[in-house]
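A.B. asks: The structure under discussion is supplied below as structure tokens; questions concerning it will follow.
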There are 4 protein chains.
Amino acid sequence: MSKLNQVVTEIVEEMRAREDRGIVASYIPELGRVDPQNFGMTVIDAEGSLYSGGDCETPFSIQSISKVFTLTLALGKIGERLWERVGREPSGSPFNSIVQLEAEQGIPRNPFINAGAIAVTDVILSGSQPREALGEIIRFMQFLADDSSIIIDHTVAASEQQHRYRNSALANYMKSYGVLKNDVEKTLGVYFHHCAIAMSCRQLAMAARFLAHAGLNPATGCSIVIPDRARRINAVMLTCGHYDGSGEFAYRVGLPGKSGVGGGILAVAPGLASIAVWSPGLDAAGNSHLGRIALERLSQRMGWSIFGP
Amino acid sequence: MSKLNQVVTEIVEEMRAREDRGIVASYIPELGRVDPQNFGMTVIDAEGSLYSGGDCETPFSIQSISKVFTLTLALGKIGERLWERVGREPSGSPFNSIVQLEAEQGIPRNPFINAGAIAVTDVILSGSQPREALGEIIRFMQFLADDSSIIIDHTVAASEQQHRYRNSALANYMKSYGVLKNDVEKTLGVYFHHCAIAMSCRQLAMAARFLAHAGLNPATGCSIVIPDRARRINAVMLTCGHYDGSGEFAYRVGLPGKSGVGGGILAVAPGLASIAVWSPGLDAAGNSHLGRIALERLSQRMGWSIFGP
Amino acid sequence: MSKLNQVVTEIVEEMRAREDRGIVASYIPELGRVDPQNFGMTVIDAEGSLYSGGDCETPFSIQSISKVFTLTLALGKIGERLWERVGREPSGSPFNSIVQLEAEQGIPRNPFINAGAIAVTDVILSGSQPREALGEIIRFMQFLADDSSIIIDHTVAASEQQHRYRNSALANYMKSYGVLKNDVEKTLGVYFHHCAIAMSCRQLAMAARFLAHAGLNPATGCSIVIPDRARRINAVMLTCGHYDGSGEFAYRVGLPGKSGVGGGILAVAPGLASIAVWSPGLDAAGNSHLGRIALERLSQRMGWSIFGP
Amino acid sequence: MSKLNQVVTEIVEEMRAREDRGIVASYIPELGRVDPQNFGMTVIDAEGSLYSGGDCETPFSIQSISKVFTLTLALGKIGERLWERVGREPSGSPFNSIVQLEAEQGIPRNPFINAGAIAVTDVILSGSQPREALGEIIRFMQFLADDSSIIIDHTVAASEQQHRYRNSALANYMKSYGVLKNDVEKTLGVYFHHCAIAMSCRQLAMAARFLAHAGLNPATGCSIVIPDRARRINAVMLTCGHYDGSGEFAYRVGLPGKSGVGGGILAVAPGLASIAVWSPGLDAAGNSHLGRIALERLSQRMGWSIFGP
């Protein structure tokens with residue numbers, strides 16, 4: 001599959017050279033210090049071959065990308081009953097809007113806006129201690145990526161905790177409607193910590209293989225989720241994965257994906273490949289500027305759009 | 001391809017027998033009079049074979065499904081500049097909400113909510129007379145479906161015009177921001193008439209072949225749009241095609257689609273098939289109740305979801 | 001009452017000299033052409049004495065001030081049943097917002113935002129012809145002001161009609177909920193024309209005497225409305241008379257009042273005086289900049305605030 | 001002033017006999033247990049004479065009525081700079097809405113909605129310890145009412161603290177915009193405690209004398225605030241004192257007032273009287289049902305409306 005090799009190489013080369021790099025998130029100093037010149041990319045095809053380039057081994061803060069994996073865990077715990085506590089419609093609002101919550105009785109629109117991800121975290125916590133819940137999440141990531149070196153960046157987590165007020169507002173608001181079942185501070189603690197997991201492009205692309213391959217780990221044949229669930233998680237990524245830029249991402253890239261303010265984007269070409277890109281500068285909608293462009297290139301050149309040949 | 005034949009036959013049989021049929025739209029008497037027992041379905045595969053069942057030859061009011069074709073026409077006229085006058089993000093609001101317009105200076109969220117479709121119609125009208133614009137639209141439909149018998153139901157159009165106030169509000173609101181360029185009444189006249197086009201499942205599935213096949217009419221090899229545009233229209237259908245039920249449709253069916261309050265749904269399995277179903281009863285989000293279930297069955301049994309095998 | 005004489009004289013002098021004059025409304029050319037140097041003021045006390053200064057005899061476009069008088073007329077026609085079609089709570093939104101209408105089923109918040117004033121006009125029209133309704137309104141104004149020279153500025157009315165889209169949106173929206181009973185165009189026609197009435201400060205202060213004096217014309221002793229109704233109209237002016245600046249006006253001036261984008265403000269010192277000021281430049285909330293300051297001076301120096309000695 | 005005596009007696013009699021008593025607030029058990037048959041009223045005229053009836057000596061939870069006094073304290077501390085942190089416009093929204101905060105960068109609309117009162121409490125706290133701030137508030141109330149027996153009901157405060165989530169959401173939201181300066185929990189603690197002050201009608205009417213009399217305590221001649229400030233606090237009460245029922249209260253009662261969910265209403269007839277009523281049952285807008293009716297009767301029969309004779 002030398003075409004994919006060449007395509008990845010050329011994209012990495014182009015992206016490293018571009019001068020329009022977006023704006024690095026700076027609401028916490030740990031993110032603000034990251035060098036915008038970083039660019040990494042890893043693609044893993046159905047045979048398990050890796051095509052990588054750039055800073056693909058540098059761990060970065062995966063932030064909201066963790067929400068794909070907590071959604072998977074929560075669906076594993078309580079199945080479709082999850083949807084009684086969080087919707088699955090695009091929100092039409094910025095990631096941290098509280099307006100929608102007021103209109104819909106504290107039920108967040110989808111599991112990828114902040115409020116929804118906090119509700120999903122609350123399901124995972126479910127009466128246990130934050131330490132146990134976090135252990136479960138991090139072991140799940142390590143298992144999926146087949147890499148026990150994945151860890152939480154506690155400096156980032158502490159910084160998120162310090163700047164927690166908007167998320168505290170969302171969590172307390174949901175709690176007032178009974179949507180959260182645990183102590184607000186405990187749920188938020190777990191949430192801030194799983195958003196602070198640090199992973200490289202390679203690790204992320206590894207972890208997402210099951211979404212590209214009908215719920216199976218293609219290397220081991222081991223089933224992570226049933227095929228239907230993998231498809232459905234991909235569907236939620238497609239409609240809701242990029243906040244208020246989800247329509248734009250579908251229109252330009254044509255792949256299910258999930259972005260994080262750390263500059264990472266996870267994407268899935270169903271049946272074909274799992275993909276991770278990282279470039280810290282963000283666009284106006286809060287998604288990685290070059291990451292999105294790189295994925296658009298990849299999708300076009302490989303003909304991977306789910307919307308047609 | 002006898003499997004598809006059997007699947008369609010079984011779905012039609014199941015749907016005709018079900019008792020949960022949703023609620024027929026009644027805001028105009030012409031729609032309210034349609035028998036909820038109707039159910040029709042047509043699937044056209046890449047070879048051009050038709051698999052049909054039920055009331056697949058009965059014309060019904062396509063309503064909002066027409067917006068897929070007016071979007072195609074408007075993109076043909078002014079290309080990507082269209083997106084200066086209408087967005088392409090899911091709205092997170094009911095189909096006729098005016099709140100979003102106020103927040104975003106009169107620019108409708110996407111071409112499939114009412115406001116967006118009116119803005120698209122305004123682009124098509126573009127200084128010509130309503131009669132000419134309507135002629136252009138109807139000839140486009142006839143050409144795509146290879147069927148010159150497609151017509152506008154003028155009784156439906158007149159009734160829509162009589163109950164026009166909500167749409168008049170949307171149109172005048174956009175006009176106040178300069179988003180509409182033509183006389184409000186003329187644009188609305190064309191809009192009401194193209195929504196009143198009557199087509200059968202067979203005709204609709206024929207007309208949508210180009211969206212399933214990279215912009216080509218597979219029967220003639222004739223290019224309707226470039227492949228990229230076909231993909232992008234499919235992407236907009238996936239994220240915005242079912243109003244506030246778009247996430248649900250993606251989650252359950254996994255195919256780009258567009259519904260209308262007449263009970264029709266157009267769907268596309270990229271590279272594989274174009275599909276039309278019709279069942280007049282609607283669900284709470286205003287989409288055909290059995291139509292959606294039929295498409296969910298079809299997608300599952302044929303493995304056609306764009307989100308994975 | 002030489003103190004009032006001196007106070008008015010000094011205020012007029014100060015206002016004519018000030019350089020901060022606000023911004024003249026320019027959404028129609030007829031308003032935009034008015035000289036911002038104009039300043040006029042008339043106060044009529046309980047004995048019927050007039051205290052005037054500046055351009056108090058120059059007619060200007062009363063615009064939204066007309067809504068006080070149409071409210072009076074509509075209450076005369078259908079009494080408290082009016083409040084089934086329009087609320088009487090402050091809106092917390094700009095004058096032409098449509099968001100509130102969507103949240104409250106087409107019932108406008110109060111009779112002084114545009115939507116509410118259109119609903120009130122619809123009550124006055126009530127099946128008759130626009131010409132008759134307008135005749136009734138203008139004769140009412142002439143009667144109240146004891147001045148048959150008051151007329152509608154038809155150039156202004158025509159210009160408003162030409163820039164009607166936002167108001168058309170509001171009217172059609174209410175019509176879609178059945179809040180308007182007449183033809184939308186007819187109601188809007190009457191609305192645009194009564195907003196285009198031209199009056200001087202003297203005429204306005206004359207017309208408002210009944211609001212200051214328990215519903216009576218103090219010159220003739222003739223009852224216009226019962227005392228309770230005069231109080232209630234004053235209450236609506238206090239809470240809703242200045243759009244999103246109503247709280248500010250109550251806080252600073254402490255008198256019931258109603259402003260118009262033509263730069264006029266009508267105010268009432270209950271039991272004491274009716275007041276009209278005019279200065280065409282507006283502040284950020286759309287109320288006459290110097291008009292408000294002049295009334296603040298008057299209220300303070302005369303000790304007329306309704307909120308305490 | 002025997003007329004006032006008779007009017008109060010008759011109102012109390014009528015109110016105690018009425019069967020429509022509204023619904024007692026039940027979001028915390030302490031409020032829910034209060035007997036809806038309670039009705040008390042005290043009027044204090046300019047001479048300092050008390051006219052009381054019913055359960056006018058029974059302490060009840062003053063709840064939001066405390067916000068009038070914390071506003072007075074905060075204005076005393078930082079003067080008009082307070083308005084940089086809270087607006088003074090009616091909100092057009094229910095008392096605990098968070099939507100407005102999102103639209104206006106965390107600045108609450110006015111000091112009487114929950115968010116605004118929390119911001120005001122934050123000003124009073126201002127770096128000191130909650131215990132000190134509470135001591136200051138309670139001593140201010142005791143001083144104003146000339147009654148050292150006024151205390152905080154700590155059971156109510158604890159219960160409010162337990163059901164704090166909606167208010168926590170508001171406070172954290174404002175904190176995220178920097179509108180709150182202190183620790184969120186500390187500010188909320190002070191807020192919950194001052195809302196839990198228990199007072200009788202007599203005590204409340206005593207405490208509010210300065211608002212009726214140009215900022216002076218009429219008994220001692222001692223100045224609490226300058227006349228201008230008393231007027232302005234009255235103005236804010238008139239426009240914002242009853243949440244989404246402020247327009248209604250102005251329309252029917254015509255006096256500045258502030259209600260609490262404990263069923264109390266404080267009202268001011270400027271220059272004439274301070275008034276407190278208590279009836280625990282609330283109307284749909286959350287204001288005391290019979291309390292409002294009693295004040296309407298009083299205002300009408302005494303001719304006290306600020307909107308005219």
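Ligands are numbered from 1 in the order shown, residues from 1 within each chain, and chains are lettered A, B, ... in the order they appear in the structure tokens.
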DSSP on the backbone, strand (DSSP E) only: what residues of stretch 185-301 of chain B does that give? Format it as a list in words.
C.D. replies: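 Strand (DSSP E) members of stretch 185-301 of chain B, listed: Ile197, Ala198, Met199, Gly257, Lys258, Ser259, Gly264, Ile265, Leu266, Ala267, Val268, Ala269, Ala273, Ser274, Ile275, Ala276, Val277, Trp278, Gly281 and Leu282 of chain B.
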A.B. asks: With N, CA and C atoms retained, could you export that selection as a PDB file, in the first residue's frame?
C.D. replies:
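New file result-v5.pdb:
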ATOM      1  N   ILE B 197     -44.235  19.708  -5.370  1.00  0.00           N
ATOM      2  CA  ILE B 197     -44.023  18.727  -6.438  1.00  0.00           C
ATOM      3  C   ILE B 197     -44.498  17.361  -5.941  1.00  0.00           C
ATOM      4  N   ALA B 198     -45.199  16.648  -6.797  1.00  0.00           N
ATOM      5  CA  ALA B 198     -45.674  15.299  -6.445  1.00  0.00           C
ATOM      6  C   ALA B 198     -44.843  14.271  -7.192  1.00  0.00           C
ATOM      7  N   MET B 199     -44.324  13.289  -6.474  1.00  0.00           N
ATOM      8  CA  MET B 199     -43.512  12.247  -7.108  1.00  0.00           C
ATOM      9  C   MET B 199     -43.776  10.917  -6.393  1.00  0.00           C
ATOM     10  N   GLY B 257     -29.800  11.169   4.174  1.00  0.00           N
ATOM     11  CA  GLY B 257     -31.203  11.134   3.776  1.00  0.00           C
ATOM     12  C   GLY B 257     -31.851  12.480   3.967  1.00  0.00           C
ATOM     13  N   LYS B 258     -33.027  12.619   3.362  1.00  0.00           N
ATOM     14  CA  LYS B 258     -33.793  13.863   3.538  1.00  0.00           C
ATOM     15  C   LYS B 258     -35.267  13.500   3.593  1.00  0.00           C
ATOM     16  N   SER B 259     -35.915  14.004   4.619  1.00  0.00           N
ATOM     17  CA  SER B 259     -37.324  13.686   4.807  1.00  0.00           C
ATOM     18  C   SER B 259     -38.206  14.860   4.411  1.00  0.00           C
ATOM     19  N   GLY B 264     -42.408  11.262   2.875  1.00  0.00           N
ATOM     20  CA  GLY B 264     -41.359  10.649   2.063  1.00  0.00           C
ATOM     21  C   GLY B 264     -39.990  10.796   2.707  1.00  0.00           C
ATOM     22  N   ILE B 265     -39.105   9.862   2.448  1.00  0.00           N
ATOM     23  CA  ILE B 265     -37.686  10.009   2.791  1.00  0.00           C
ATOM     24  C   ILE B 265     -36.867   9.533   1.600  1.00  0.00           C
ATOM     25  N   LEU B 266     -35.921  10.355   1.233  1.00  0.00           N
ATOM     26  CA  LEU B 266     -34.955   9.997   0.206  1.00  0.00           C
ATOM     27  C   LEU B 266     -33.681   9.607   0.923  1.00  0.00           C
ATOM     28  N   ALA B 267     -33.052   8.489   0.532  1.00  0.00           N
ATOM     29  CA  ALA B 267     -31.795   8.114   1.168  1.00  0.00           C
ATOM     30  C   ALA B 267     -30.815   7.641   0.110  1.00  0.00           C
ATOM     31  N   VAL B 268     -29.542   7.704   0.488  1.00  0.00           N
ATOM     32  CA  VAL B 268     -28.471   7.379  -0.450  1.00  0.00           C
ATOM     33  C   VAL B 268     -27.487   6.441   0.234  1.00  0.00           C
ATOM     34  N   ALA B 269     -27.217   5.300  -0.404  1.00  0.00           N
ATOM     35  CA  ALA B 269     -26.117   4.441   0.046  1.00  0.00           C
ATOM     36  C   ALA B 269     -24.986   4.666  -0.943  1.00  0.00           C
ATOM     37  N   ALA B 273     -26.619   2.477  -3.846  1.00  0.00           N
ATOM     38  CA  ALA B 273     -28.039   2.549  -4.188  1.00  0.00           C
ATOM     39  C   ALA B 273     -28.639   3.900  -3.848  1.00  0.00           C
ATOM     40  N   SER B 274     -29.693   4.237  -4.587  1.00  0.00           N
ATOM     41  CA  SER B 274     -30.546   5.359  -4.174  1.00  0.00           C
ATOM     42  C   SER B 274     -31.882   4.760  -3.752  1.00  0.00           C
ATOM     43  N   ILE B 275     -32.495   5.391  -2.756  1.00  0.00           N
ATOM     44  CA  ILE B 275     -33.636   4.776  -2.096  1.00  0.00           C
ATOM     45  C   ILE B 275     -34.700   5.830  -1.837  1.00  0.00           C
ATOM     46  N   ALA B 276     -35.967   5.446  -2.025  1.00  0.00           N
ATOM     47  CA  ALA B 276     -37.059   6.323  -1.581  1.00  0.00           C
ATOM     48  C   ALA B 276     -38.107   5.477  -0.874  1.00  0.00           C
ATOM     49  N   VAL B 277     -38.580   5.993   0.261  1.00  0.00           N
ATOM     50  CA  VAL B 277     -39.683   5.336   0.960  1.00  0.00           C
ATOM     51  C   VAL B 277     -40.766   6.370   1.197  1.00  0.00           C
ATOM     52  N   TRP B 278     -41.970   5.888   1.403  1.00  0.00           N
ATOM     53  CA  TRP B 278     -43.084   6.794   1.677  1.00  0.00           C
ATOM     54  C   TRP B 278     -44.084   6.142   2.618  1.00  0.00           C
ATOM     55  N   GLY B 281     -47.495   8.814   7.861  1.00  0.00           N
ATOM     56  CA  GLY B 281     -47.503   9.134   9.297  1.00  0.00           C
ATOM     57  C   GLY B 281     -46.129   9.579   9.777  1.00  0.00           C
ATOM     58  N   LEU B 282     -46.110  10.636  10.593  1.00  0.00           N
ATOM     59  CA  LEU B 282     -44.835  11.215  11.051  1.00  0.00           C
ATOM     60  C   LEU B 282     -44.572  10.903  12.520  1.00  0.00           C
TER      61      LEU B 282
END
A.B. asks: Which residues, written as a ChimeraX atom specification, have at least one atom at most 9 Å from stretch 201-211 of chain C, with only C-alpha atoms counted and residues fewer than 6 positions away on the same chain left out?
C.D. replies: /C:40-46,48,50,52,55-60,62,69,141-147,150,217-218,223-225,227,229-231,233-234,264-271,273-278 /D:308
A.B. asks: Pull out every residue of chain B that has at least one atom within 9 Å of chain C, counting only C-alpha atoms, and report them as a PyMOL selection string.
C.D. replies: chain B and resi 97-100+102-103+163-177
A.B. asks: With C-alpha atoms retained, export the selected residues as a PDB file, in the first residue's frame.
C.D. replies:
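Below you can see out_10.pdb, which holds the result:
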ATOM      1  CA  SER B  97     -37.335  28.157  14.300  1.00  0.00           C
ATOM      2  CA  ILE B  98     -36.596  31.837  13.924  1.00  0.00           C
ATOM      3  CA  VAL B  99     -34.431  32.129  17.043  1.00  0.00           C
ATOM      4  CA  GLN B 100     -31.305  30.962  15.288  1.00  0.00           C
ATOM      5  CA  GLU B 102     -31.769  36.370  15.133  1.00  0.00           C
ATOM      6  CA  ALA B 103     -28.572  35.089  16.728  1.00  0.00           C
ATOM      7  CA  HIS B 163     -50.838  28.986   5.469  1.00  0.00           C
ATOM      8  CA  ARG B 164     -47.679  30.846   4.700  1.00  0.00           C
ATOM      9  CA  TYR B 165     -47.339  33.053   7.779  1.00  0.00           C
ATOM     10  CA  ARG B 166     -44.512  31.276   9.554  1.00  0.00           C
ATOM     11  CA  ASN B 167     -42.521  31.000   6.354  1.00  0.00           C
ATOM     12  CA  SER B 168     -43.359  34.621   5.523  1.00  0.00           C
ATOM     13  CA  ALA B 169     -41.935  35.581   8.888  1.00  0.00           C
ATOM     14  CA  LEU B 170     -38.702  33.695   8.135  1.00  0.00           C
ATOM     15  CA  ALA B 171     -38.438  35.195   4.658  1.00  0.00           C
ATOM     16  CA  ASN B 172     -39.119  38.762   5.754  1.00  0.00           C
ATOM     17  CA  TYR B 173     -36.660  38.341   8.573  1.00  0.00           C
ATOM     18  CA  MET B 174     -33.912  37.250   6.177  1.00  0.00           C
ATOM     19  CA  LYS B 175     -34.882  40.043   3.809  1.00  0.00           C
ATOM     20  CA  SER B 176     -34.364  42.539   6.646  1.00  0.00           C
ATOM     21  CA  TYR B 177     -30.758  41.348   6.780  1.00  0.00           C
TER      22      TYR B 177
END
A.B. asks: Quick one, how far is atom CA of C:Gln63 from atom CA of C:Val120?
C.D. replies: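 Going from atom CA of C:Gln63 over to atom CA of C:Val120 covers 14.8 Å.
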A.B. asks: Of the candidates A:Pro130, A:His194, A:Gln161, A:Leu216, which one gets nearest to A:Lys67 if we count only C-alpha atoms?
C.D. replies: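 Going through A:Pro130, A:His194, A:Gln161, A:Leu216 one by one, the smallest distance to A:Lys67 is for A:His194.
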A.B. asks: If we count only C-alpha atoms and set the cut-off at 12 Å, which residues sit around A:Asp20, ignoring sequence neighbours fewer than 4 positions away in its own chain? Please answer as a PDB file with C-alpha atoms, in the first residue's frame.
C.D. replies:
ATOM      1  CA  GLU A  14       2.974  20.147   3.388  1.00  0.00           C
ATOM      2  CA  MET A  15       1.591  20.687   6.880  1.00  0.00           C
ATOM      3  CA  ARG A  16       4.979  21.188   8.492  1.00  0.00           C
ATOM      4  CA  VAL A  24      -2.944  27.432  20.373  1.00  0.00           C
ATOM      5  CA  PRO A  36       2.525  25.351  17.307  1.00  0.00           C
ATOM      6  CA  GLN A  37       5.163  23.966  14.946  1.00  0.00           C
ATOM      7  CA  SER A 279      -1.320  20.177  15.310  1.00  0.00           C
ATOM      8  CA  PRO A 280      -1.808  22.448  18.331  1.00  0.00           C
ATOM      9  CA  GLY A 281      -3.165  25.551  16.558  1.00  0.00           C
ATOM     10  CA  LEU A 282      -6.964  25.773  16.491  1.00  0.00           C
ATOM     11  CA  ASP A 283      -9.465  27.360  14.113  1.00  0.00           C
ATOM     12  CA  SER A 288      -7.162  21.795  14.984  1.00  0.00           C
ATOM     13  CA  HIS A 289      -6.649  23.998  11.936  1.00  0.00           C
ATOM     14  CA  LEU A 290      -3.991  21.954  10.140  1.00  0.00           C
ATOM     15  CA  GLY A 291      -5.350  18.711  11.538  1.00  0.00           C
ATOM     16  CA  ILE A 293      -6.847  20.238   6.493  1.00  0.00           C
TER      17      ILE A 293
END
A.B. asks: So, with only C-alpha atoms as the atoms that count, which of D:Gly189, D:Gly254, D:Gly54, D:Gly221 lies closest to D:Leu125?
C.D. replies: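 Among the listed residues, the smallest separation from D:Leu125 belongs to D:Gly189.
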A.B. asks: Between D:Leu82, D:Leu238, D:Ile28, D:Ile124, which one has atoms that come closest to D:Ala158, using only C-alpha atoms?
C.D. replies: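 Looking at the shortest contact to D:Ala158, the residue is D:Ile28.
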